[in-house]
Amino acid sequence: MADKLKITLVKSTIGSIPKHRATIAALGLKKLNKSVEMPDNAAVRGMIHQVKHLVKVEEI
């Protein structure tokens with residue numbers, strides 16, 4: 001596994017269920033096409049798995 005993950009919001013949360021919106025906010029993503037770097041651990045991987053249709057993930 002990589003040390004960090006670069007997570008980019010590529011699809012809008014408009015129309016998605018509130019749980020997915022909350023997960024996107026918890027990841028620190030606010031605007032479309034903005035990225036955050038998060039540690040690569042099980043908790044973050046689980047959050048990404050929940051909203052995989054909204055984000056793009058790159059290993060750093």
# chains A, B, ... in the order shown; residues from 1 in each chain; ligands from 1
>>> residues_around(residues="Ala2 of chain A", least_positions_apart="3", cutoff="10 Å", atoms="only C-alpha atoms", output="list in words")
Leu5, Pro39, Asp40, Asn41, Glu58, Glu59 and Ile60 of chain A
>>> select_by_dssp(residues="chain A", states="strand (DSSP E or B)", output="count of residues only")
16
>>> select_by_dssp(residues="chain A", states="alpha helix (DSSP H)", output="list of chain:residue names")
A:Pro18, A:Lys19, A:His20, A:Arg21, A:Ala22, A:Thr23, A:Ile24, A:Ala25, A:Ala26, A:Ala42, A:Ala43, A:Val44, A:Arg45, A:Gly46, A:Met47, A:Ile48, A:His49, A:Gln50
>>> write_last_selection(atoms="all heavy atoms", output="compact mmCIF listing (two decimals), in the first residue's frame")
# COMPACT_ATOMS: atom_id res chain seq x y z
N PRO A 18 -27.78 11.59 1.61
CA PRO A 18 -27.10 12.38 2.64
C PRO A 18 -25.88 11.69 3.26
O PRO A 18 -24.91 12.35 3.61
CB PRO A 18 -28.19 12.60 3.69
CG PRO A 18 -29.46 12.54 2.91
CD PRO A 18 -29.22 11.53 1.83
N LYS A 19 -25.90 10.38 3.37
CA LYS A 19 -24.76 9.66 3.92
C LYS A 19 -23.53 9.83 3.05
O LYS A 19 -22.41 9.98 3.56
CB LYS A 19 -25.13 8.18 4.05
CG LYS A 19 -24.14 7.35 4.80
CD LYS A 19 -24.67 5.94 4.98
CE LYS A 19 -23.70 5.09 5.76
NZ LYS A 19 -24.18 3.73 5.95
N HIS A 20 -23.71 9.83 1.73
CA HIS A 20 -22.58 10.03 0.83
C HIS A 20 -22.08 11.47 0.88
O HIS A 20 -20.87 11.70 0.81
CB HIS A 20 -22.96 9.65 -0.60
CG HIS A 20 -23.15 8.18 -0.78
ND1 HIS A 20 -23.55 7.64 -1.97
CD2 HIS A 20 -23.02 7.13 0.07
CE1 HIS A 20 -23.65 6.33 -1.86
NE2 HIS A 20 -23.33 6.00 -0.61
N ARG A 21 -22.98 12.42 1.01
CA ARG A 21 -22.56 13.82 1.15
C ARG A 21 -21.73 14.01 2.41
O ARG A 21 -20.73 14.72 2.41
CB ARG A 21 -23.78 14.74 1.22
CG ARG A 21 -24.50 14.90 -0.07
CD ARG A 21 -25.60 15.92 0.07
NE ARG A 21 -26.50 15.82 -1.05
CZ ARG A 21 -27.64 16.48 -1.13
NH1 ARG A 21 -28.01 17.27 -0.15
NH2 ARG A 21 -28.40 16.34 -2.20
N ALA A 22 -22.15 13.37 3.49
CA ALA A 22 -21.42 13.46 4.75
C ALA A 22 -20.04 12.83 4.63
O ALA A 22 -19.06 13.34 5.18
CB ALA A 22 -22.21 12.80 5.86
N THR A 23 -19.93 11.73 3.90
CA THR A 23 -18.64 11.08 3.70
C THR A 23 -17.70 11.97 2.89
O THR A 23 -16.52 12.08 3.23
CB THR A 23 -18.83 9.72 2.99
OG1 THR A 23 -19.72 8.92 3.76
CG2 THR A 23 -17.52 9.02 2.81
N ILE A 24 -18.21 12.61 1.86
CA ILE A 24 -17.40 13.53 1.06
C ILE A 24 -16.91 14.68 1.93
O ILE A 24 -15.74 15.07 1.87
CB ILE A 24 -18.21 14.05 -0.15
CG1 ILE A 24 -18.47 12.94 -1.16
CG2 ILE A 24 -17.51 15.23 -0.82
CD1 ILE A 24 -17.24 12.41 -1.86
N ALA A 25 -17.77 15.21 2.77
CA ALA A 25 -17.37 16.30 3.68
C ALA A 25 -16.33 15.82 4.67
O ALA A 25 -15.37 16.54 4.99
CB ALA A 25 -18.60 16.85 4.40
N ALA A 26 -16.47 14.60 5.18
CA ALA A 26 -15.52 14.05 6.14
C ALA A 26 -14.15 13.83 5.50
O ALA A 26 -13.13 13.91 6.18
CB ALA A 26 -16.05 12.74 6.71
N ALA A 42 -7.15 1.86 6.67
CA ALA A 42 -8.41 1.15 6.46
C ALA A 42 -9.62 2.08 6.54
O ALA A 42 -10.58 1.92 5.79
CB ALA A 42 -8.54 0.02 7.47
N ALA A 43 -9.59 3.05 7.44
CA ALA A 43 -10.72 3.96 7.60
C ALA A 43 -10.94 4.80 6.34
O ALA A 43 -12.08 4.93 5.86
CB ALA A 43 -10.50 4.86 8.81
N VAL A 44 -9.88 5.34 5.82
CA VAL A 44 -9.98 6.17 4.61
C VAL A 44 -10.38 5.31 3.42
O VAL A 44 -11.21 5.72 2.60
CB VAL A 44 -8.66 6.93 4.35
CG1 VAL A 44 -8.70 7.65 3.02
CG2 VAL A 44 -8.38 7.91 5.48
N ARG A 45 -9.80 4.12 3.31
CA ARG A 45 -10.16 3.21 2.21
C ARG A 45 -11.66 2.86 2.26
O ARG A 45 -12.32 2.76 1.23
CB ARG A 45 -9.34 1.93 2.27
CG ARG A 45 -7.90 2.11 1.93
CD ARG A 45 -7.67 1.94 0.47
NE ARG A 45 -6.25 2.09 0.15
CZ ARG A 45 -5.76 1.88 -1.04
NH1 ARG A 45 -6.53 1.51 -2.03
NH2 ARG A 45 -4.48 2.06 -1.27
N GLY A 46 -12.20 2.68 3.45
CA GLY A 46 -13.62 2.38 3.59
C GLY A 46 -14.49 3.54 3.16
O GLY A 46 -15.53 3.35 2.51
N MET A 47 -14.08 4.76 3.49
CA MET A 47 -14.84 5.94 3.08
C MET A 47 -14.78 6.10 1.57
O MET A 47 -15.79 6.44 0.93
CB MET A 47 -14.31 7.19 3.78
CG MET A 47 -14.59 7.15 5.26
SD MET A 47 -14.09 8.51 6.34
CE MET A 47 -13.28 9.70 5.43
N ILE A 48 -13.62 5.84 0.98
CA ILE A 48 -13.49 5.93 -0.48
C ILE A 48 -14.37 4.88 -1.16
O ILE A 48 -15.02 5.17 -2.17
CB ILE A 48 -12.01 5.76 -0.90
CG1 ILE A 48 -11.20 6.96 -0.45
CG2 ILE A 48 -11.88 5.55 -2.39
CD1 ILE A 48 -9.71 6.78 -0.57
N HIS A 49 -14.39 3.69 -0.60
CA HIS A 49 -15.21 2.62 -1.19
C HIS A 49 -16.69 3.00 -1.22
O HIS A 49 -17.40 2.66 -2.16
CB HIS A 49 -15.01 1.33 -0.41
CG HIS A 49 -15.77 0.17 -0.97
ND1 HIS A 49 -15.43 -0.42 -2.17
CD2 HIS A 49 -16.88 -0.47 -0.54
CE1 HIS A 49 -16.30 -1.39 -2.43
NE2 HIS A 49 -17.18 -1.44 -1.45
N GLN A 50 -17.13 3.73 -0.20
CA GLN A 50 -18.54 4.13 -0.12
C GLN A 50 -18.91 5.14 -1.20
O GLN A 50 -20.04 5.13 -1.69
CB GLN A 50 -18.81 4.72 1.26
CG GLN A 50 -20.26 5.00 1.53
CD GLN A 50 -20.49 5.54 2.92
OE1 GLN A 50 -19.59 6.08 3.54
NE2 GLN A 50 -21.69 5.37 3.41
>>> residues_around(residues="Ser35 of chain A", least_positions_apart="6", cutoff="8 Å", atoms="only C-alpha atoms", output="ChimeraX atom specification")
/A:6-9,29
>>> atom_distance(atom1="atom CA of Thr13 of chain A", atom2="atom CA of Leu27 of chain A")
13.1 Å
>>> decode(residues="segment 2-42 of chain A", atoms="N, CA and C atoms", output="JSON list (two decimals), in the first residue's frame")
[["chain", "number", "residue", "atom", "x", "y", "z"],
["A", 2, "ALA", "N", 0.33, 2.29, -0.57],
["A", 2, "ALA", "CA", 1.05, 3.55, -0.64],
["A", 2, "ALA", "C", 1.02, 4.25, 0.71],
["A", 3, "ASP", "N", 1.83, 5.29, 0.83],
["A", 3, "ASP", "CA", 1.89, 6.05, 2.08],
["A", 3, "ASP", "C", 0.73, 7.03, 2.18],
["A", 4, "LYS", "N", 0.39, 7.66, 1.05],
["A", 4, "LYS", "CA", -0.71, 8.63, 1.01],
["A", 4, "LYS", "C", -1.57, 8.40, -0.22],
["A", 5, "LEU", "N", -2.79, 8.90, -0.15],
["A", 5, "LEU", "CA", -3.71, 8.84, -1.27],
["A", 5, "LEU", "C", -4.12, 10.25, -1.65],
["A", 6, "LYS", "N", -4.18, 10.52, -2.95],
["A", 6, "LYS", "CA", -4.69, 11.79, -3.45],
["A", 6, "LYS", "C", -6.11, 11.53, -3.93],
["A", 7, "ILE", "N", -7.08, 12.18, -3.30],
["A", 7, "ILE", "CA", -8.50, 11.95, -3.59],
["A", 7, "ILE", "C", -9.06, 13.20, -4.24],
["A", 8, "THR", "N", -9.68, 13.05, -5.41],
["A", 8, "THR", "CA", -10.23, 14.17, -6.16],
["A", 8, "THR", "C", -11.72, 13.96, -6.36],
["A", 9, "LEU", "N", -12.50, 14.98, -6.08],
["A", 9, "LEU", "CA", -13.95, 14.93, -6.30],
["A", 9, "LEU", "C", -14.21, 15.20, -7.78],
["A", 10, "VAL", "N", -14.75, 14.21, -8.51],
["A", 10, "VAL", "CA", -14.95, 14.36, -9.95],
["A", 10, "VAL", "C", -16.42, 14.41, -10.35],
["A", 11, "LYS", "N", -17.32, 14.13, -9.41],
["A", 11, "LYS", "CA", -18.74, 14.19, -9.70],
["A", 11, "LYS", "C", -19.45, 14.91, -8.57],
["A", 12, "SER", "N", -20.44, 15.71, -8.89],
["A", 12, "SER", "CA", -21.15, 16.50, -7.90],
["A", 12, "SER", "C", -21.95, 15.62, -6.94],
["A", 13, "THR", "N", -22.12, 16.13, -5.72],
["A", 13, "THR", "CA", -22.90, 15.40, -4.72],
["A", 13, "THR", "C", -24.38, 15.77, -4.79],
["A", 14, "ILE", "N", -24.75, 16.63, -5.71],
["A", 14, "ILE", "CA", -26.17, 16.99, -5.86],
["A", 14, "ILE", "C", -26.96, 15.75, -6.25],
["A", 15, "GLY", "N", -27.98, 15.46, -5.52],
["A", 15, "GLY", "CA", -28.82, 14.30, -5.81],
["A", 15, "GLY", "C", -28.35, 13.03, -5.14],
["A", 16, "SER", "N", -27.19, 13.04, -4.52],
["A", 16, "SER", "CA", -26.73, 11.83, -3.83],
["A", 16, "SER", "C", -27.33, 11.77, -2.43],
["A", 17, "ILE", "N", -27.30, 10.59, -1.84],
["A", 17, "ILE", "CA", -27.93, 10.43, -0.54],
["A", 17, "ILE", "C", -27.13, 11.16, 0.54],
["A", 18, "PRO", "N", -27.78, 11.59, 1.61],
["A", 18, "PRO", "CA", -27.10, 12.38, 2.64],
["A", 18, "PRO", "C", -25.88, 11.69, 3.26],
["A", 19, "LYS", "N", -25.90, 10.38, 3.37],
["A", 19, "LYS", "CA", -24.76, 9.66, 3.92],
["A", 19, "LYS", "C", -23.53, 9.83, 3.05],
["A", 20, "HIS", "N", -23.71, 9.83, 1.73],
["A", 20, "HIS", "CA", -22.58, 10.03, 0.83],
["A", 20, "HIS", "C", -22.08, 11.47, 0.88],
["A", 21, "ARG", "N", -22.98, 12.42, 1.01],
["A", 21, "ARG", "CA", -22.56, 13.82, 1.15],
["A", 21, "ARG", "C", -21.73, 14.01, 2.41],
["A", 22, "ALA", "N", -22.15, 13.37, 3.49],
["A", 22, "ALA", "CA", -21.42, 13.46, 4.75],
["A", 22, "ALA", "C", -20.04, 12.83, 4.63],
["A", 23, "THR", "N", -19.93, 11.73, 3.90],
["A", 23, "THR", "CA", -18.64, 11.08, 3.70],
["A", 23, "THR", "C", -17.70, 11.97, 2.89],
["A", 24, "ILE", "N", -18.21, 12.61, 1.86],
["A", 24, "ILE", "CA", -17.40, 13.53, 1.06],
["A", 24, "ILE", "C", -16.91, 14.68, 1.93],
["A", 25, "ALA", "N", -17.77, 15.21, 2.77],
["A", 25, "ALA", "CA", -17.37, 16.30, 3.68],
["A", 25, "ALA", "C", -16.33, 15.82, 4.67],
["A", 26, "ALA", "N", -16.47, 14.60, 5.18],
["A", 26, "ALA", "CA", -15.52, 14.05, 6.14],
["A", 26, "ALA", "C", -14.15, 13.83, 5.50],
["A", 27, "LEU", "N", -14.13, 13.58, 4.21],
["A", 27, "LEU", "CA", -12.86, 13.44, 3.49],
["A", 27, "LEU", "C", -12.20, 14.79, 3.25],
["A", 28, "GLY", "N", -12.94, 15.88, 3.48],
["A", 28, "GLY", "CA", -12.38, 17.22, 3.30],
["A", 28, "GLY", "C", -12.58, 17.79, 1.91],
["A", 29, "LEU", "N", -13.45, 17.18, 1.13],
["A", 29, "LEU", "CA", -13.70, 17.65, -0.23],
["A", 29, "LEU", "C", -14.89, 18.60, -0.22],
["A", 30, "LYS", "N", -14.70, 19.78, -0.84],
["A", 30, "LYS", "CA", -15.76, 20.78, -0.84],
["A", 30, "LYS", "C", -16.22, 21.16, -2.24],
["A", 31, "LYS", "N", -15.28, 21.26, -3.16],
["A", 31, "LYS", "CA", -15.62, 21.70, -4.51],
["A", 31, "LYS", "C", -15.22, 20.65, -5.54],
["A", 32, "LEU", "N", -15.88, 20.70, -6.66],
["A", 32, "LEU", "CA", -15.60, 19.79, -7.76],
["A", 32, "LEU", "C", -14.18, 19.99, -8.27],
["A", 33, "ASN", "N", -13.50, 18.91, -8.59],
["A", 33, "ASN", "CA", -12.13, 18.89, -9.12],
["A", 33, "ASN", "C", -11.08, 19.37, -8.14],
["A", 34, "LYS", "N", -11.41, 19.45, -6.85],
["A", 34, "LYS", "CA", -10.42, 19.77, -5.82],
["A", 34, "LYS", "C", -9.92, 18.47, -5.22],
["A", 35, "SER", "N", -8.68, 18.48, -4.75],
["A", 35, "SER", "CA", -8.04, 17.28, -4.24],
["A", 35, "SER", "C", -7.59, 17.46, -2.80],
["A", 36, "VAL", "N", -7.52, 16.34, -2.10],
["A", 36, "VAL", "CA", -6.95, 16.31, -0.75],
["A", 36, "VAL", "C", -6.01, 15.11, -0.67],
["A", 37, "GLU", "N", -5.03, 15.21, 0.21],
["A", 37, "GLU", "CA", -4.14, 14.08, 0.47],
["A", 37, "GLU", "C", -4.49, 13.51, 1.83],
["A", 38, "MET", "N", -4.73, 12.22, 1.87],
["A", 38, "MET", "CA", -5.10, 11.54, 3.10],
["A", 38, "MET", "C", -4.15, 10.36, 3.31],
["A", 39, "PRO", "N", -3.96, 9.96, 4.57],
["A", 39, "PRO", "CA", -3.13, 8.77, 4.82],
["A", 39, "PRO", "C", -3.82, 7.52, 4.28],
["A", 40, "ASP", "N", -3.04, 6.56, 3.88],
["A", 40, "ASP", "CA", -3.59, 5.31, 3.35],
["A", 40, "ASP", "C", -3.80, 4.34, 4.51],
["A", 41, "ASN", "N", -5.02, 4.31, 5.02],
["A", 41, "ASN", "CA", -5.36, 3.37, 6.09],
["A", 41, "ASN", "C", -6.74, 2.79, 5.83],
["A", 42, "ALA", "N", -7.15, 1.86, 6.67],
["A", 42, "ALA", "CA", -8.41, 1.15, 6.46],
["A", 42, "ALA", "C", -9.62, 2.08, 6.54]]
